[in-house]
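The file query-v4.tsv comes next; it holds TSV, C-alpha atoms.
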chain	number	residue	atom	x	y	z
A	1	MET	CA	-33.65	159.87	125.17
A	2	LYS	CA	-35.66	158.40	128.09
A	3	LYS	CA	-36.24	161.88	129.53
A	4	ARG	CA	-37.46	163.16	126.18
A	5	ALA	CA	-39.83	160.21	125.84
A	6	ILE	CA	-41.23	160.80	129.36
A	7	ILE	CA	-41.81	164.52	128.63
A	8	LEU	CA	-43.62	163.66	125.38
A	9	LEU	CA	-45.75	161.09	127.21
A	10	LEU	CA	-46.70	163.55	129.97
A	11	THR	CA	-47.46	166.27	127.43
A	12	THR	CA	-49.74	163.92	125.53
A	13	MET	CA	-51.58	162.90	128.72
A	14	ILE	CA	-52.04	166.56	129.81
A	15	MET	CA	-53.34	167.56	126.40
A	16	GLY	CA	-55.74	164.64	126.45
A	17	GLY	CA	-57.02	165.58	129.93
A	18	VAL	CA	-57.52	169.21	128.98
A	19	LEU	CA	-59.41	168.28	125.83
A	20	SER	CA	-61.66	165.85	127.72
A	21	ALA	CA	-62.40	168.45	130.42
A	22	CYS	CA	-63.32	171.03	127.85
A	23	GLY	CA	-65.63	168.56	126.14
A	24	GLY	CA	-67.36	167.72	129.44
A	25	ASN	CA	-67.96	171.34	130.30
A	26	ASN	CA	-69.44	172.01	126.90
A	27	ASN	CA	-71.81	169.10	127.28
A	28	ASN	CA	-72.94	170.25	130.75
A	29	SER	CA	-73.48	173.80	129.59
A	30	SER	CA	-75.67	172.67	126.68
A	31	ASN	CA	-77.71	170.45	128.94
A	32	ASN	CA	-78.28	173.22	131.45
A	33	MET	CA	-79.33	175.68	128.76
A	34	ALA	CA	-81.89	173.23	127.42
A	35	ALA	CA	-83.47	172.65	130.82
A	36	SER	CA	-83.62	176.21	131.93
A	37	PRO	CA	-83.99	179.02	129.41
A	38	THR	CA	-83.40	181.64	132.07
A	39	PRO	CA	-80.07	183.29	132.13
A	40	THR	CA	-79.60	182.56	135.83
A	41	ALA	CA	-79.19	178.87	135.18
A	42	THR	CA	-75.63	179.53	133.90
A	43	ALA	CA	-74.28	179.94	137.40
A	44	PRO	CA	-73.75	176.24	137.99
A	45	ALA	CA	-71.89	176.15	134.68
A	46	GLU	CA	-69.28	178.55	135.96
A	47	GLU	CA	-68.67	176.40	139.09
A	48	SER	CA	-68.49	173.15	137.15
A	49	PRO	CA	-64.80	173.38	136.42
A	50	SER	CA	-64.06	173.46	140.19
A	51	VAL	CA	-65.95	170.24	140.91
A	52	SER	CA	-64.80	168.47	137.76
A	53	PRO	CA	-63.19	165.15	138.45
A	54	ASP	CA	-60.50	166.14	135.95
A	55	ALA	CA	-59.20	168.91	138.20
A	56	GLN	CA	-56.08	166.84	138.99
A	57	PRO	CA	-54.95	166.59	135.40
A	58	SER	CA	-55.44	170.32	134.98
A	59	GLU	CA	-53.06	170.98	137.82
A	60	GLU	CA	-50.48	168.77	136.19
A	61	ALA	CA	-51.10	170.63	132.99
A	62	SER	CA	-50.60	173.95	134.66
A	63	GLU	CA	-47.38	172.75	136.29
A	64	THR	CA	-45.96	170.94	133.30
A	65	PRO	CA	-45.72	173.93	130.96
A	66	ALA	CA	-43.60	175.72	133.55
A	67	GLU	CA	-41.13	172.88	133.58
A	68	SER	CA	-40.94	172.48	129.80
A	69	PRO	CA	-42.53	175.30	127.84
A	70	SER	CA	-40.95	174.07	124.65
A	71	ALA	CA	-42.96	170.84	124.76
A	72	SER	CA	-46.35	172.60	125.02
A	73	ALA	CA	-45.61	175.06	122.31
A	74	SER	CA	-44.79	172.47	119.67
A	75	PRO	CA	-45.41	168.76	119.64
A	76	ASP	CA	-42.42	168.35	117.28
A	77	PRO	CA	-39.72	166.69	119.36
A	78	SER	CA	-36.90	168.04	117.19
A	79	PRO	CA	-36.58	171.47	118.92
A	80	SER	CA	-36.17	169.81	122.29
A	81	ALA	CA	-32.86	168.41	121.16
A	82	SER	CA	-31.39	171.90	121.39
A	83	ALA	CA	-32.67	172.32	124.98
A	84	GLU	CA	-30.15	169.76	126.39
A	85	PRO	CA	-27.17	171.81	127.38
A	86	SER	CA	-25.76	168.98	129.50
A	87	GLN	CA	-24.47	167.04	126.51
A	88	THR	CA	-20.71	167.44	126.17
A	89	PRO	CA	-19.67	168.59	122.75
A	90	ALA	CA	-17.74	166.03	120.76
A	91	PRO	CA	-14.03	166.82	120.58
A	92	PRO	CA	-13.03	168.30	117.27
A	93	LYS	CA	-11.48	165.86	114.94
A	94	GLU	CA	-7.81	166.31	114.34
A	95	PRO	CA	-7.08	167.38	110.80
A	96	ALA	CA	-5.80	164.57	108.66
A	97	PRO	CA	-2.12	164.92	107.87
A	98	SER	CA	-1.52	166.24	104.46
A	99	ALA	CA	-0.19	163.76	101.96
A	100	LYS	CA	3.56	163.76	101.60
A	101	PRO	CA	4.81	164.84	98.24
A	102	SER	CA	5.64	161.93	96.02
A	103	GLU	CA	9.06	163.29	95.24
A	104	PRO	CA	11.21	165.13	97.75
A	105	ALA	CA	11.94	168.65	96.81
A	106	LYS	CA	15.40	168.94	95.43
A	107	LYS	CA	17.76	170.71	97.69
A	108	PRO	CA	19.21	173.81	96.17
A	109	ALA	CA	22.71	173.30	94.96
A	110	ALA	CA	25.23	174.59	97.39
A	111	THR	CA	26.76	177.76	96.21
A	112	PRO	CA	30.50	177.27	95.86
A	113	SER	CA	32.43	179.14	98.42
A	114	PRO	CA	34.74	181.69	96.95
A	115	SER	CA	38.16	180.29	96.45
A	116	ALA	CA	40.86	181.53	98.69
A	117	LYS	CA	42.83	184.35	97.36
A	118	PRO	CA	46.20	183.24	96.11
A	119	SER	CA	48.88	184.02	98.55
A	120	ALA	CA	51.60	186.33	97.53
A	121	ALA	CA	54.19	184.66	95.35
A	122	PRO	CA	57.16	183.62	97.48
A	123	LYS	CA	60.27	185.54	96.88
A	124	PRO	CA	62.91	183.49	95.15
A	125	THR	CA	65.52	182.42	97.62
A	126	PRO	CA	69.03	183.03	96.43
A	127	LYS	CA	70.74	179.84	95.44
A	128	PRO	CA	73.81	179.15	97.50
A	129	THR	CA	77.03	179.39	95.61
A	130	PRO	CA	78.28	175.84	95.18
A	131	LYS	CA	81.57	175.30	96.85
A	132	PRO	CA	84.24	173.74	94.73
A	133	THR	CA	84.25	170.07	95.44
A	134	VAL	CA	87.50	168.37	96.04
A	135	LYS	CA	88.16	165.91	93.30
A	136	PRO	CA	88.74	162.49	94.74
A	137	SER	CA	92.08	161.00	94.04
A	138	PRO	CA	91.88	158.31	91.41
A	139	SER	CA	91.55	154.94	92.97
A	140	PRO	CA	94.21	152.51	91.99
A	141	ALA	CA	93.19	150.42	89.04
A	142	VAL	CA	92.46	146.84	89.78
A	143	GLU	CA	95.32	144.88	88.32
A	144	THR	CA	94.49	141.80	86.32
A	145	ALA	CA	96.09	138.54	87.22
A	146	ALA	CA	98.64	137.25	84.74
A	147	SER	CA	96.74	133.98	84.29
A	148	ASP	CA	93.53	135.91	83.50
A	149	VAL	CA	95.38	137.91	80.86
A	150	ILE	CA	96.53	134.73	79.09
A	151	ASP	CA	93.03	133.22	79.31
A	152	ALA	CA	91.59	136.34	77.63
A	153	MET	CA	94.20	136.11	74.88
A	154	LEU	CA	93.48	132.45	74.19
A	155	LYS	CA	89.76	133.19	74.16
A	156	ALA	CA	90.27	135.88	71.52
A	157	VAL	CA	92.82	133.96	69.39
A	158	GLU	CA	92.73	130.19	69.07
A	159	GLN	CA	96.03	128.35	69.63
A	160	PRO	CA	97.29	124.73	69.65
A	161	ALA	CA	97.00	122.74	72.89
A	162	LEU	CA	99.09	124.37	75.60
A	163	ILE	CA	99.92	123.50	79.24
A	164	ALA	CA	100.73	125.74	82.20
A	165	MET	CA	104.33	126.38	83.23
A	166	ALA	CA	105.55	125.58	86.72
A	167	ALA	CA	107.70	127.87	88.88
A	168	ASP	CA	110.79	125.82	88.05
A	169	ASP	CA	110.05	126.15	84.34
A	170	VAL	CA	110.06	129.93	84.60
A	171	LYS	CA	113.46	129.86	86.33
A	172	ASN	CA	115.00	127.19	84.10
A	173	MET	CA	113.59	128.34	80.73
A	174	TYR	CA	113.78	132.13	81.19
A	175	GLY	CA	116.48	132.45	83.79
A	176	ILE	CA	114.29	134.89	85.79
A	177	ASP	CA	114.25	135.08	89.57
A	178	THR	CA	110.58	134.77	90.54
A	179	SER	CA	111.21	136.86	93.69
A	180	THR	CA	111.38	139.94	91.46
A	181	LEU	CA	107.94	139.19	90.02
A	182	ALA	CA	104.61	140.24	91.54
A	183	ASP	CA	102.77	137.71	89.37
A	184	TYR	CA	103.48	135.44	86.43
A	185	SER	CA	101.86	132.80	84.23
A	186	GLY	CA	102.94	130.89	81.08
A	187	ARG	CA	101.68	128.37	78.53
A	188	MET	CA	103.92	126.04	76.52
A	189	PRO	CA	103.12	123.40	73.83
A	190	LEU	CA	101.64	120.11	74.96
A	191	MET	CA	103.60	118.31	72.26
A	192	ASN	CA	107.18	118.97	71.17
A	193	VAL	CA	106.20	119.43	67.51
A	194	LYS	CA	105.04	123.00	68.10
A	195	THR	CA	106.85	126.17	69.10
A	196	ASN	CA	103.77	128.20	70.18
A	197	GLU	CA	104.36	129.69	73.61
A	198	ILE	CA	102.87	132.51	75.73
A	199	ALA	CA	104.25	133.99	78.97
A	200	VAL	CA	103.20	137.06	81.00
A	201	PHE	CA	105.36	138.43	83.80
A	202	LYS	CA	104.40	141.24	86.15
A	203	VAL	CA	107.38	142.83	87.83
A	204	LYS	CA	107.38	144.46	91.22
A	205	LYS	CA	109.67	147.28	90.11
A	206	GLU	CA	110.11	148.85	86.70
A	207	LYS	CA	113.90	148.50	86.90
A	208	ASP	CA	113.44	144.72	86.61
A	209	ILE	CA	111.69	144.97	83.24
A	210	ASP	CA	114.97	144.88	81.29
A	211	THR	CA	116.08	141.77	83.16
A	212	VAL	CA	112.83	140.05	82.27
A	213	LYS	CA	113.18	141.06	78.60
A	214	LYS	CA	116.73	139.62	78.42
A	215	GLY	CA	115.44	136.35	79.79
A	216	MET	CA	112.74	136.24	77.12
A	217	VAL	CA	115.31	136.77	74.33
A	218	LYS	CA	117.38	133.85	75.66
A	219	ARG	CA	114.24	131.69	75.63
A	220	ALA	CA	113.48	132.55	71.97
A	221	GLU	CA	117.06	131.70	70.92
A	222	ALA	CA	116.83	128.36	72.68
A	223	VAL	CA	113.59	127.43	70.87
A	224	GLN	CA	115.04	128.47	67.49
A	225	LYS	CA	118.16	126.33	68.06
A	226	GLN	CA	115.96	123.34	69.05
A	227	PHE	CA	113.93	123.45	65.79
A	228	GLU	CA	116.62	124.73	63.44
A	229	SER	CA	117.41	121.22	62.13
A	230	TYR	CA	114.15	119.57	63.23
A	231	LEU	CA	111.12	121.39	61.74
A	232	GLN	CA	111.86	124.30	59.47
A	233	ASP	CA	108.40	125.89	59.68
A	234	GLN	CA	108.51	125.86	63.47
A	235	TYR	CA	112.00	127.31	63.32
A	236	GLU	CA	110.69	130.22	61.25
A	237	ASN	CA	107.80	130.59	63.70
A	238	ALA	CA	110.26	130.86	66.60
A	239	LYS	CA	112.17	133.58	64.83
A	240	ASN	CA	109.03	135.76	64.73
A	241	TYR	CA	108.60	136.03	68.50
A	242	LYS	CA	107.21	139.21	70.17
A	243	ILE	CA	108.13	140.99	73.43
A	244	VAL	CA	105.66	143.71	74.53
A	245	VAL	CA	105.71	145.89	77.67
A	246	GLN	CA	102.41	147.29	79.02
A	247	GLY	CA	102.86	149.03	82.36
A	248	ASN	CA	104.39	146.51	84.73
A	249	TYR	CA	103.36	143.63	82.48
A	250	VAL	CA	105.81	142.05	80.05
A	251	LEU	CA	104.55	139.69	77.30
A	252	PHE	CA	106.48	136.99	75.45
A	253	VAL	CA	104.72	135.19	72.57
A	254	ILE	CA	105.69	132.79	69.78
A	255	SER	CA	102.81	132.16	67.34
A	256	GLU	CA	101.72	132.46	63.75
A	257	SER	CA	99.06	134.87	65.11
A	258	ALA	CA	101.50	136.87	67.25
A	259	ASP	CA	100.10	140.26	66.17
A	260	ASP	CA	96.52	139.30	67.11
A	261	LEU	CA	97.66	137.95	70.45
A	262	VAL	CA	99.46	141.24	71.20
A	263	LYS	CA	96.25	143.16	70.60
A	264	ALA	CA	94.35	140.80	72.90
A	265	PHE	CA	97.07	141.24	75.55
A	266	LYS	CA	96.80	145.01	75.55
A	267	ALA	CA	93.02	144.82	75.73
A	268	ALA	CA	93.14	142.42	78.67
A	269	VAL	CA	95.68	144.47	80.63

Show me, as structure tokens, the structure contained in the file I just sent.
Amino acid sequence: MKKRAIILLLTTMIMGGVLSACGGNNNNSSNNMAASPTPTATAPAEESPSVSPDAQPSEEASETPAESPSASASPDPSPSASAEPSQTPAPPKEPAPSAKPSEPAKKPAATPSPSAKPSAAPKPTPKPTPKPTVKPSPSPAVETAASDVIDAMLKAVEQPALIAMAADDVKNMYGIDTSTLADYSGRMPLMNVKTNEIAVFKVKKEKDIDTVKKGMVKRAEAVQKQFESYLQDQYENAKNYKIVVQGNYVLFVISESADDLVKAFKAAV
């Protein structure tokens, strides 16, 4: 900008000097022509530019157009702006990033991969022929205790108050050797006004069953004889005694409900 202003200032000064020189020459020429009408008087007018005190500005004017011809051609300072090649061009502006779409583009749905081809159906394997299983031998049945059998009978059929027999009672009342028995249990009346009685004997060997049955018959005869002249109803009750064999168990019962007690005995054994 400073350089441009200096050039404009110099150009203005040169133009002013040139115009003033031309005006001075014209004035001198007119004066000379008025004084001397002869044509020879024009010679000094031709030399006047060489002795003109404004010769110095004319030299500057002759030199200045060589340096900046654009300034002398046009006083308009706008074309001189294009004569400055030294100015570095401004870097191009980077393009503004395009606006992102408001909604992301939907991804295309993935195409399902083709399902694997079904493998060949497996060949049916022949079933092995089942080998005949050996049937297990039947386990021995759990034998019920004689006392548990009587408890089950009394639970099924109600009876008068009874008490348990002792080992001596079995030997004295039934005449049975307890060494031949695997298990035994008996109930006799709590009071001597009743003939109800239950006894269960489990023999070790089947050959001893008859011996046990004979002892039971002797016991029934003794009870009948005791009540024959004492209580007639109890005498009749003693006559209806029952002896039942179930496996190795032998039952002796005197009761008005003897048949029901027999059923309960068989169910319990």

Subject >> Residue nearest A:Val245 among A:Leu154, A:Leu231, A:Ala5, A:Val203 (counting only C-alpha atoms) >> reply: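 Once distances to A:Val245 are computed over only C-alpha atoms, the minimum belongs to A:Val203.
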
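The nearest approach to A:Lys155 among the residues A:Thr11, A:Leu19, A:Ser255, A:Phe265, with only C-alpha atoms taken into account, belongs to A:Phe265.
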
Subject >> Pick from A:Val244, A:Met15, A:Met173, A:Ala199 nearest to A:Val223, counting only C-alpha atoms >> reply: A:Met173

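In this model, the gap between atom CA of A:Lys225 and atom CA of A:Lys239 comes to 9.9 Å.
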
**OP:** Work out how far apart atom CA of A:Ile254 and atom CA of A:Asp148 are and give it in Å to one decimal.
**Re:**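 According to the coordinates, atom CA of A:Ile254 and atom CA of A:Asp148 are separated by 18.6 Å.
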
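As for atom CA of A:Ile163 and atom CA of A:Arg187, they are spaced 5.2 Å apart.
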